[in-house]
file run18.cif (mmCIF, C-alpha atoms and all ligand atoms)
data_protein
loop_
_atom_site.label_atom_id
_atom_site.label_comp_id
_atom_site.auth_asym_id
_atom_site.auth_seq_id
_atom_site.Cartn_x
_atom_site.Cartn_y
_atom_site.Cartn_z
CA MET A 396 0.00 0.00 0.00
CA TYR A 397 2.72 2.49 0.97
CA PHE A 398 4.64 1.79 -2.23
CA LEU A 399 1.58 2.81 -4.24
CA ILE A 400 1.31 6.08 -2.30
CA ARG A 401 5.06 6.56 -2.68
CA LYS A 402 4.78 6.24 -6.45
CA LEU A 403 2.35 9.15 -6.51
CA LEU A 404 4.30 11.25 -4.01
CA PHE A 405 7.56 10.75 -5.87
CA LYS A 406 5.98 12.45 -8.89
CA LEU A 407 5.90 15.68 -6.87
CA GLN A 408 8.75 17.98 -5.88
CA PRO A 409 10.25 16.46 -2.70
CA GLU A 410 9.42 19.42 -0.46
CA THR A 411 5.86 19.62 -1.80
CA ALA A 412 5.43 15.88 -1.21
CA HIS A 413 6.75 16.39 2.32
CA TYR A 414 4.11 18.99 3.25
CA ILE A 415 1.25 17.20 1.48
CA THR A 416 2.05 13.90 3.23
CA LEU A 417 2.32 15.48 6.66
CA SER A 418 -0.83 17.57 6.20
CA LEU A 419 -2.82 14.52 5.10
CA LEU A 420 -1.45 12.47 7.96
CA LYS A 421 -2.48 15.16 10.43
CA LEU A 422 -5.92 15.45 8.85
CA ALA A 423 -6.41 11.69 9.07
CA TYR A 424 -5.30 11.79 12.70
CA ASN A 425 -7.63 14.66 13.59
CA CYS A 426 -10.56 12.97 11.84
CA LYS A 427 -9.77 9.76 13.74
CA LEU A 428 -9.15 7.97 10.44
CA LEU A 429 -5.64 6.97 11.37
CA ASN A 430 -5.23 3.58 12.92
CA LYS A 431 -3.14 4.49 15.97
CA LYS A 432 -0.29 2.05 16.38
CA LYS A 433 1.28 1.36 19.74
CA ILE A 434 4.36 -0.82 19.58
CA THR A 435 5.50 -2.05 22.97
CA ALA A 436 9.10 -3.21 23.30
CA PRO A 437 10.22 -1.04 26.20
CA LYS A 438 13.76 0.05 26.87
CA GLN A 439 15.22 2.22 29.63
CA VAL A 440 17.81 4.64 28.28
CA ALA A 441 19.20 7.77 29.98
CA ASN A 442 16.67 7.20 32.75
CA ILE A 443 13.80 7.47 30.29
CA GLN A 444 11.41 4.60 29.75
CA PHE A 445 11.04 4.38 25.95
CA PRO A 446 7.96 2.39 24.82
CA ASN A 447 10.09 1.05 21.97
CA SER A 448 13.54 1.82 20.59
CA VAL A 449 12.60 3.36 17.26
CA GLY A 450 12.47 7.12 17.05
CA LEU A 451 11.78 9.72 14.40
CA ALA A 452 14.98 11.65 13.65
CA ALA A 453 15.05 15.45 13.76
CA GLY A 454 14.21 17.58 10.75
CA LEU A 455 10.96 16.02 9.59
CA ASP A 456 8.79 17.96 12.04
CA LYS A 457 10.89 21.05 12.66
CA ASN A 458 8.10 23.09 14.24
CA GLY A 459 6.29 20.39 16.19
CA GLU A 460 3.21 20.61 13.97
CA TYR A 461 2.61 16.89 13.50
CA ILE A 462 3.67 15.31 16.80
CA ASN A 463 0.56 13.25 17.56
CA ALA A 464 0.00 12.13 13.98
CA LEU A 465 3.62 10.98 13.61
CA SER A 466 3.56 9.24 16.95
CA ALA A 467 0.45 7.33 15.87
CA LEU A 468 2.64 5.54 13.29
CA GLY A 469 4.15 3.57 16.19
CA PHE A 470 7.32 5.47 17.02
CA GLY A 471 8.74 5.00 20.51
CA PHE A 472 9.83 8.63 20.49
CA ILE A 473 9.63 11.71 18.34
CA GLU A 474 12.38 14.30 17.95
CA VAL A 475 11.20 17.72 16.79
CA GLY A 476 13.38 20.60 15.52
CA THR A 477 16.01 21.69 14.80
CA VAL A 478 14.63 24.86 16.26
CA THR A 479 16.51 28.15 16.59
CA PRO A 480 15.86 31.13 18.90
CA LYS A 481 14.43 33.28 16.09
CA PRO A 482 12.42 32.14 13.05
CA GLN A 483 14.39 31.83 9.82
CA PRO A 484 13.43 30.86 6.25
CA GLY A 485 16.31 28.50 5.53
CA ASN A 486 18.03 28.25 2.15
CA ALA A 487 16.49 29.04 -1.23
CA LYS A 488 14.41 26.31 -2.88
CA PRO A 489 14.91 23.76 -4.32
CA ARG A 490 16.81 22.45 -1.30
CA LEU A 491 15.68 18.84 -1.03
CA PHE A 492 16.52 16.18 -3.64
CA ARG A 493 15.65 12.52 -4.10
CA LEU A 494 18.14 9.95 -5.34
CA PRO A 495 15.87 6.93 -5.68
CA ALA A 496 18.49 4.67 -7.26
CA ALA A 497 20.53 5.03 -4.07
CA ASN A 498 17.63 5.15 -1.58
CA ALA A 499 18.95 8.52 -0.55
CA LEU A 500 18.16 12.20 -0.12
CA ILE A 501 20.29 15.31 -0.28
CA ASN A 502 19.07 18.33 1.66
CA ARG A 503 20.33 21.83 2.31
CA MET A 504 17.27 23.07 4.15
CA GLY A 505 19.35 25.31 6.44
CA PHE A 506 17.30 25.10 9.65
CA ASN A 507 14.12 26.53 8.14
CA ASN A 508 11.91 26.88 11.21
CA LYS A 509 9.44 29.23 12.82
CA GLY A 510 11.44 29.78 15.99
CA VAL A 511 11.43 28.27 19.44
CA ASP A 512 8.31 30.11 20.70
CA PHE A 513 6.20 28.77 17.83
CA LEU A 514 7.47 25.26 18.53
CA ILE A 515 6.59 25.50 22.21
CA ASN A 516 3.10 26.70 21.37
CA ASN A 517 2.59 23.65 19.17
CA ILE A 518 3.92 21.33 21.85
CA LYS A 519 1.48 22.79 24.35
CA LYS A 520 -1.41 22.31 21.91
CA ALA A 521 -0.41 18.72 21.17
CA GLN A 522 -0.65 17.59 24.82
CA PHE A 523 1.53 14.69 23.78
CA ALA A 524 2.01 12.05 26.43
CA GLY A 525 4.88 10.18 24.74
CA ILE A 526 8.63 10.69 24.69
CA LEU A 527 9.50 13.97 23.00
CA GLY A 528 13.03 15.03 22.10
CA ILE A 529 13.61 18.66 21.22
CA ASN A 530 16.55 19.38 18.93
CA ILE A 531 18.11 22.84 19.26
CA GLY A 532 20.48 24.85 17.06
CA LYS A 533 21.74 28.33 16.35
CA ASN A 534 20.43 30.96 13.96
CA PHE A 535 22.35 31.22 10.68
CA ASN A 536 23.44 34.81 11.44
CA THR A 537 24.70 34.16 14.96
CA ALA A 538 28.49 34.12 14.94
CA ILE A 539 30.10 30.85 16.01
CA GLU A 540 31.73 32.70 18.94
CA ASN A 541 28.22 33.51 20.22
CA ALA A 542 26.61 30.18 19.35
CA VAL A 543 26.45 29.12 22.98
CA ASP A 544 23.98 31.95 23.67
CA ASP A 545 21.54 30.57 21.08
CA TYR A 546 21.73 27.06 22.57
CA VAL A 547 21.20 28.46 26.06
CA VAL A 548 18.16 30.51 24.98
CA CYS A 549 16.59 27.48 23.31
CA MET A 550 17.44 25.21 26.22
CA GLN A 551 15.85 27.56 28.77
CA LYS A 552 12.69 27.76 26.71
CA VAL A 553 12.23 24.10 25.79
CA TYR A 554 13.36 22.58 29.08
CA PRO A 555 9.90 22.24 30.71
CA TYR A 556 8.48 20.50 27.61
CA ALA A 557 11.22 18.06 26.62
CA SER A 558 11.82 14.43 27.57
CA TYR A 559 15.37 15.04 26.33
CA ILE A 560 17.15 17.88 24.54
CA THR A 561 19.43 17.32 21.56
CA VAL A 562 22.24 19.76 20.93
CA ASN A 563 22.75 19.78 17.19
CA ILE A 564 26.29 20.78 16.23
CA SER A 565 26.46 18.66 13.10
CA SER A 566 24.20 20.05 10.40
CA PRO A 567 26.30 20.67 7.28
CA ASN A 568 23.93 23.42 6.10
CA THR A 569 24.70 26.12 8.67
CA GLN A 570 28.07 27.67 7.98
CA GLY A 571 30.65 26.90 10.65
CA LEU A 572 28.29 24.87 12.84
CA ARG A 573 30.38 21.73 12.67
CA ASN A 574 33.36 23.68 14.07
CA LEU A 575 31.58 23.42 17.41
CA GLN A 576 32.67 19.77 17.40
CA THR A 577 36.33 20.73 17.78
CA ALA A 578 37.71 20.27 21.26
CA SER A 579 38.04 23.90 22.39
CA HIS A 580 34.59 24.97 21.17
CA LEU A 581 32.99 21.78 22.41
CA GLN A 582 34.38 22.03 25.92
CA ASN A 583 33.12 25.59 26.27
CA LEU A 584 29.69 24.64 24.90
CA LEU A 585 29.33 21.58 27.11
CA THR A 586 30.47 23.44 30.21
CA CYS A 587 27.80 26.13 29.66
CA LEU A 588 25.05 23.67 28.81
CA LYS A 589 25.76 21.42 31.80
CA ASP A 590 25.63 24.50 34.05
CA GLN A 591 22.30 25.45 32.52
CA GLN A 592 21.00 21.92 32.93
CA ALA A 593 21.85 21.97 36.64
CA THR A 594 20.15 25.35 37.12
CA LEU A 595 17.05 24.30 35.20
CA ALA A 596 16.86 20.94 36.96
CA LYS A 597 16.69 22.83 40.26
CA ARG A 598 14.13 25.31 38.97
CA TYR A 599 11.78 22.70 37.52
CA GLN A 600 12.61 19.92 39.94
CA LYS A 601 13.29 17.54 37.08
CA TYR A 602 16.45 16.43 35.31
CA ILE A 603 16.15 16.51 31.51
CA PRO A 604 18.91 14.56 29.71
CA LEU A 605 21.11 16.30 27.16
CA PHE A 606 22.09 14.46 23.97
CA LEU A 607 24.76 15.64 21.53
CA LYS A 608 24.24 15.01 17.81
CA ILE A 609 27.42 14.56 15.81
CA ALA A 610 28.48 14.33 12.16
CA PRO A 611 29.57 11.26 10.22
CA ASP A 612 32.46 13.12 8.59
CA LEU A 613 34.80 13.16 11.58
CA LYS A 614 38.29 11.68 11.68
CA LEU A 615 38.75 8.75 14.07
CA GLU A 616 40.84 10.91 16.46
CA GLU A 617 38.07 13.52 16.46
CA ILE A 618 35.47 10.90 17.36
CA ASP A 619 37.72 9.76 20.22
CA GLU A 620 38.12 13.34 21.44
CA ILE A 621 34.37 13.86 21.39
CA ALA A 622 33.83 10.62 23.30
CA VAL A 623 36.29 11.75 25.96
CA SER A 624 34.48 15.10 26.25
CA LEU A 625 31.12 13.34 26.55
CA LEU A 626 32.48 11.37 29.49
CA LYS A 627 34.22 14.37 31.04
CA TYR A 628 31.10 16.53 30.97
CA ASN A 629 28.71 13.74 31.80
CA ILE A 630 26.55 14.19 28.71
CA ASP A 631 23.52 11.91 28.83
CA GLY A 632 23.56 10.53 25.30
CA VAL A 633 25.00 10.89 21.82
CA ILE A 634 23.17 10.72 18.50
CA ALA A 635 25.33 9.39 15.69
CA THR A 636 24.91 10.69 13.07
CA ASN A 637 23.67 13.62 11.04
CA THR A 638 23.93 13.70 7.21
CA THR A 639 27.23 13.44 5.30
CA LEU A 640 29.08 15.73 2.92
CA ALA A 641 30.58 12.68 1.19
CA ARG A 642 29.27 11.72 -2.24
CA GLU A 643 30.85 8.28 -2.76
CA GLY A 644 28.56 6.09 -4.79
CA VAL A 645 26.07 8.81 -5.76
CA GLN A 646 28.11 11.24 -7.87
CA GLN A 647 26.95 9.67 -11.12
CA LEU A 648 23.25 9.98 -10.20
CA SER A 649 20.90 12.88 -10.96
CA TYR A 650 21.20 15.39 -8.13
CA GLY A 651 24.16 13.39 -6.77
CA ASN A 652 26.34 16.48 -6.73
CA GLU A 653 23.85 18.86 -5.18
CA GLN A 654 25.22 20.72 -2.17
CA GLY A 655 24.00 19.67 1.24
CA GLY A 656 23.83 16.62 3.46
CA LEU A 657 23.37 13.13 2.07
CA SER A 658 21.17 10.73 4.02
CA GLY A 659 19.80 7.23 3.58
CA GLN A 660 21.51 4.07 2.34
CA PRO A 661 24.88 5.58 1.30
CA LEU A 662 25.29 7.03 4.80
CA PHE A 663 24.96 3.75 6.66
CA ASN A 664 28.58 2.55 6.62
CA LYS A 665 29.87 5.92 7.76
CA SER A 666 27.40 6.18 10.63
CA LEU A 667 28.14 2.60 11.66
CA LEU A 668 31.86 3.39 11.85
CA VAL A 669 31.13 6.36 14.09
CA VAL A 670 28.93 4.28 16.38
CA LYS A 671 31.58 1.55 16.64
CA ARG A 672 34.32 4.05 17.36
CA LEU A 673 32.26 5.88 19.99
CA HIS A 674 31.41 2.59 21.65
CA ASN A 675 35.12 1.73 21.96
CA THR A 676 35.55 4.63 24.36
CA LEU A 677 32.09 5.01 25.86
CA GLN A 678 31.33 1.33 26.37
CA ASP A 679 27.92 1.48 28.01
CA LYS A 680 28.62 4.53 30.16
CA ILE A 681 26.81 6.89 27.79
CA PRO A 682 24.06 5.61 25.51
CA ILE A 683 24.44 5.87 21.74
CA ILE A 684 21.41 6.58 19.59
CA ALA A 685 22.14 5.38 16.07
CA CYS A 686 20.90 7.28 13.04
CA GLY A 687 21.97 7.11 9.42
CA GLY A 688 20.85 4.89 6.61
CA ILE A 689 18.57 2.54 8.52
CA MET A 690 16.51 1.26 5.62
CA SER A 691 15.76 -2.24 6.92
CA VAL A 692 16.21 -4.62 9.83
CA ARG A 693 19.74 -5.39 8.59
CA GLU A 694 21.08 -1.89 9.37
CA GLY A 695 19.12 -1.71 12.61
CA LYS A 696 20.69 -4.95 13.85
CA ALA A 697 24.16 -3.84 12.83
CA PHE A 698 23.81 -0.65 14.89
CA LEU A 699 22.50 -2.53 17.93
CA ASN A 700 25.33 -5.01 17.65
CA ALA A 701 27.78 -2.12 17.47
CA GLY A 702 26.56 -0.88 20.83
CA ALA A 703 23.69 1.49 20.02
CA ARG A 704 20.77 1.49 22.46
CA LEU A 705 18.17 3.30 20.36
CA LEU A 706 17.55 3.85 16.63
CA GLN A 707 16.30 6.87 14.71
CA ILE A 708 15.06 7.02 11.14
CA TYR A 709 14.25 9.69 8.61
CA THR A 710 15.10 8.69 5.02
CA GLY A 711 14.12 5.07 5.67
CA LEU A 712 10.62 6.26 6.53
CA ILE A 713 10.37 8.12 3.20
CA TYR A 714 11.54 5.13 1.15
CA GLN A 715 10.09 2.20 3.12
CA GLY A 716 7.05 3.73 4.81
CA PRO A 717 5.82 3.25 8.38
CA LYS A 718 6.13 -0.55 8.28
CA LEU A 719 9.85 -0.03 8.92
CA ILE A 720 9.06 1.22 12.44
CA ASN A 721 7.33 -2.03 13.33
CA GLU A 722 10.06 -4.17 11.80
CA LEU A 723 12.80 -2.33 13.69
CA ALA A 724 10.94 -2.33 16.99
CA GLY A 725 10.75 -6.11 16.66
CA ILE A 726 14.53 -6.49 16.71
CA SER A 727 15.29 -3.72 19.14
CA ASN A 728 15.85 -5.89 22.17
CA ILE A 729 17.71 -8.63 20.35
CA VAL A 730 21.43 -8.15 20.31
CA ILE A 731 23.45 -10.83 18.61
CA LYS A 732 26.87 -10.95 20.20
C1 LIG A 801 15.24 16.87 4.81
C2 LIG A 801 16.06 16.61 6.05
C3 LIG A 801 16.11 17.57 7.04
C4 LIG A 801 16.85 17.36 8.19
N1 LIG A 801 16.87 18.30 9.17
C5 LIG A 801 17.55 18.07 10.32
C6 LIG A 801 17.50 18.99 11.38
O1 LIG A 801 16.84 20.03 11.32
N2 LIG A 801 18.22 18.69 12.51
C7 LIG A 801 18.95 17.54 12.65
O2 LIG A 801 19.55 17.33 13.69
N3 LIG A 801 18.98 16.64 11.65
C8 LIG A 801 18.30 16.87 10.50
N4 LIG A 801 18.34 15.95 9.50
C9 LIG A 801 19.18 14.74 9.66
C10 LIG A 801 18.39 13.54 10.15
O3 LIG A 801 17.85 13.79 11.42
C11 LIG A 801 19.30 12.31 10.24
O4 LIG A 801 20.32 12.56 11.17
C12 LIG A 801 19.95 11.97 8.89
O5 LIG A 801 19.06 12.18 7.84
C13 LIG A 801 20.43 10.53 8.86
O6 LIG A 801 19.38 9.62 9.04
P1 LIG A 801 18.62 8.90 7.83
O7 LIG A 801 19.66 8.31 6.93
O8 LIG A 801 17.71 7.90 8.49
O9 LIG A 801 17.84 9.97 7.13
C14 LIG A 801 17.59 16.15 8.34
C15 LIG A 801 17.53 15.18 7.34
C16 LIG A 801 16.78 15.39 6.19
C17 LIG A 801 16.75 14.33 5.13
#

call {"tool": "encode", "arguments": {"input": "run18.cif", "output": "structure tokens"}}
result
Amino acid sequence: MYFLIRKLLFKLQPETAHYITLSLLKLAYNCKLLNKKKITAPKQVANIQFPNSVGLAAGLDKNGEYINALSALGFGFIEVGTVTPKPQPGNAKPRLFRLPAANALINRMGFNNKGVDFLINNIKKAQFAGILGINIGKNFNTAIENAVDDYVVCMQKVYPYASYITVNISSPNTQGLRNLQTASHLQNLLTCLKDQQATLAKRYQKYIPLFLKIAPDLKLEEIDEIAVSLLKYNIDGVIATNTTLAREGVQQLSYGNEQGGLSGQPLFNKSLLVVKRLHNTLQDKIPIIACGGIMSVREGKAFLNAGARLLQIYTGLIYQGPKLINELAGISNIVIK
């Protein structure tokens, strides 16, 4: 059934298809036409009880407009954002491209979002009872030296509404953002955010875990350095990975050389390497949430075997449809050693 719908949707511009699909999904949900799926395969990670291990990755619902409808597909958790302090339009269109022969997407959306206040309003309206991650970033025109301020503003605002907060320093579409992954920047950022977390935990009498989302294009030494920082600053989780700047295997395809981040099947091996490398240092002290090219049970199993505790999908949902959530949830507690 989904493949029939996909055939129609793939005739449209990718960004148009995106909004039509989400609007229809929300309409179906509101009209109670959507068969709500609840997949129970619970897992405790970062002191959160996840109903199942399969989450929606950030970027699909940047403004928190479709939380309940997306959750009804069976996800164990939903991550909204990336949200920035102020609204911003993102890059010029077209900025999202399909590469069907590679089961991949390239995007250079550039954190198009309506700002943190709009997101919070939507979260309040949703009255969502499930696990909600909120992914935060910086505005495109905030200098890297002042980036911490943007993260702090977002963190202060979203804290009361989040099950966990993801600090996104790995989007390739905001100039200079990935520099925040380098040791000196990262240590300053993590120091400030951990301070904020402690203050906010006191104020709201609840501890909200902080996850860091990293890129797949790091050198092995850089991954090791990040892992050491995660341990040093007691970060609650790490999401590996965001999209890649690499183009191996897709250069010959239409749109294969578009600027932006590549996601889906060609990303899998890179993300898996990052997860394995992180796990070498982190062991099970800090949970790893794997993301990148999970298109079937095969990739999901590989990530779990490499030490990941949870899985997130984006491109796999576009290409395989919601049945992928169910399939992945089924394997999420099985780790083949
Ligand atoms: C169109 C699009 C927009 C995205 N926007 C964001 C974003 O705003 N913040 C973020 O952290 N990741 C964003 N991502 C990255 C995904 O969350 C995910 O890390 C990446 O796509 C790899 O997973 P996948 O191969 O399952 O898609 C975006 C991905 C796509 C395809």

call {"tool": "residues_around", "arguments": {"input": "run18.cif", "residues": "range 654-667 of chain A", "least_positions_apart": "5", "cutoff": "6 Å", "atoms": "only C-alpha atoms", "output": "number ranges by chain"}}
result
A: 498-503, 611, 636, 638-640, 687-688, 710

call {"tool": "atom_distance", "arguments": {"input": "run18.cif", "atom1": "CA of Tyr554 in chain A", "atom2": "CA of Val478 in chain A"}}
result
13.1 Å

call {"tool": "closest_residue", "arguments": {"input": "run18.cif", "among": "A:Leu677, A:Ala441, A:Leu723, A:Ala610", "to": "Gly632 in chain A", "atoms": "all atoms listed in the file"}}
result
A:Ala441

call {"tool": "closest_residue", "arguments": {"input": "run18.cif", "among": "A:Asn442, A:Asn516, A:Asn486, A:Ser418", "to": "ligand LIG 801 (chain A)", "atoms": "only C-alpha atoms and all ligand atoms"}}
result
A:Asn486

call {"tool": "residues_around", "arguments": {"input": "run18.cif", "residues": "Lys533 in chain A", "least_positions_apart": "5", "cutoff": "12 Å", "atoms": "all atoms listed in the file", "output": "VMD selection string"}}
result
chain A and resid 476 to 483 505 to 508 510 to 511 538 to 550 562 to 566 568 to 573 575

call {"tool": "closest_residue", "arguments": {"input": "run18.cif", "among": "A:Thr537, A:Asn700, A:Gln592, A:Thr411", "to": "ligand LIG 801 (chain A)", "atoms": "all atoms listed in the file"}}
result
A:Thr411

call {"tool": "closest_residue", "arguments": {"input": "run18.cif", "among": "A:Ile462, A:Leu615, A:Ile434, A:Leu648", "to": "Gly528 in chain A", "atoms": "all atoms listed in the file"}}
result
A:Ile462

call {"tool": "closest_residue", "arguments": {"input": "run18.cif", "among": "A:Tyr559, A:Phe513, A:Phe470, A:Phe445", "to": "Lys432 in chain A", "atoms": "all atoms listed in the file"}}
result
A:Phe470

call {"tool": "closest_residue", "arguments": {"input": "run18.cif", "among": "A:Ser649, A:Thr594, A:Gln707, A:Asn583", "to": "Asn637 in chain A", "atoms": "all atoms listed in the file"}}
result
A:Gln707

call {"tool": "atom_distance", "arguments": {"input": "run18.cif", "atom1": "atom O5 of ligand LIG 801 (chain A)", "atom2": "CA of Tyr709 in chain A"}}
result
5.5 Å

call {"tool": "residues_around", "arguments": {"input": "run18.cif", "residues": "Gly725 in chain A", "least_positions_apart": "6", "cutoff": "9 Å", "atoms": "all atoms listed in the file", "output": "list in words"}}
result
Ile434, Ala436, Asn447 and Val692 of chain A
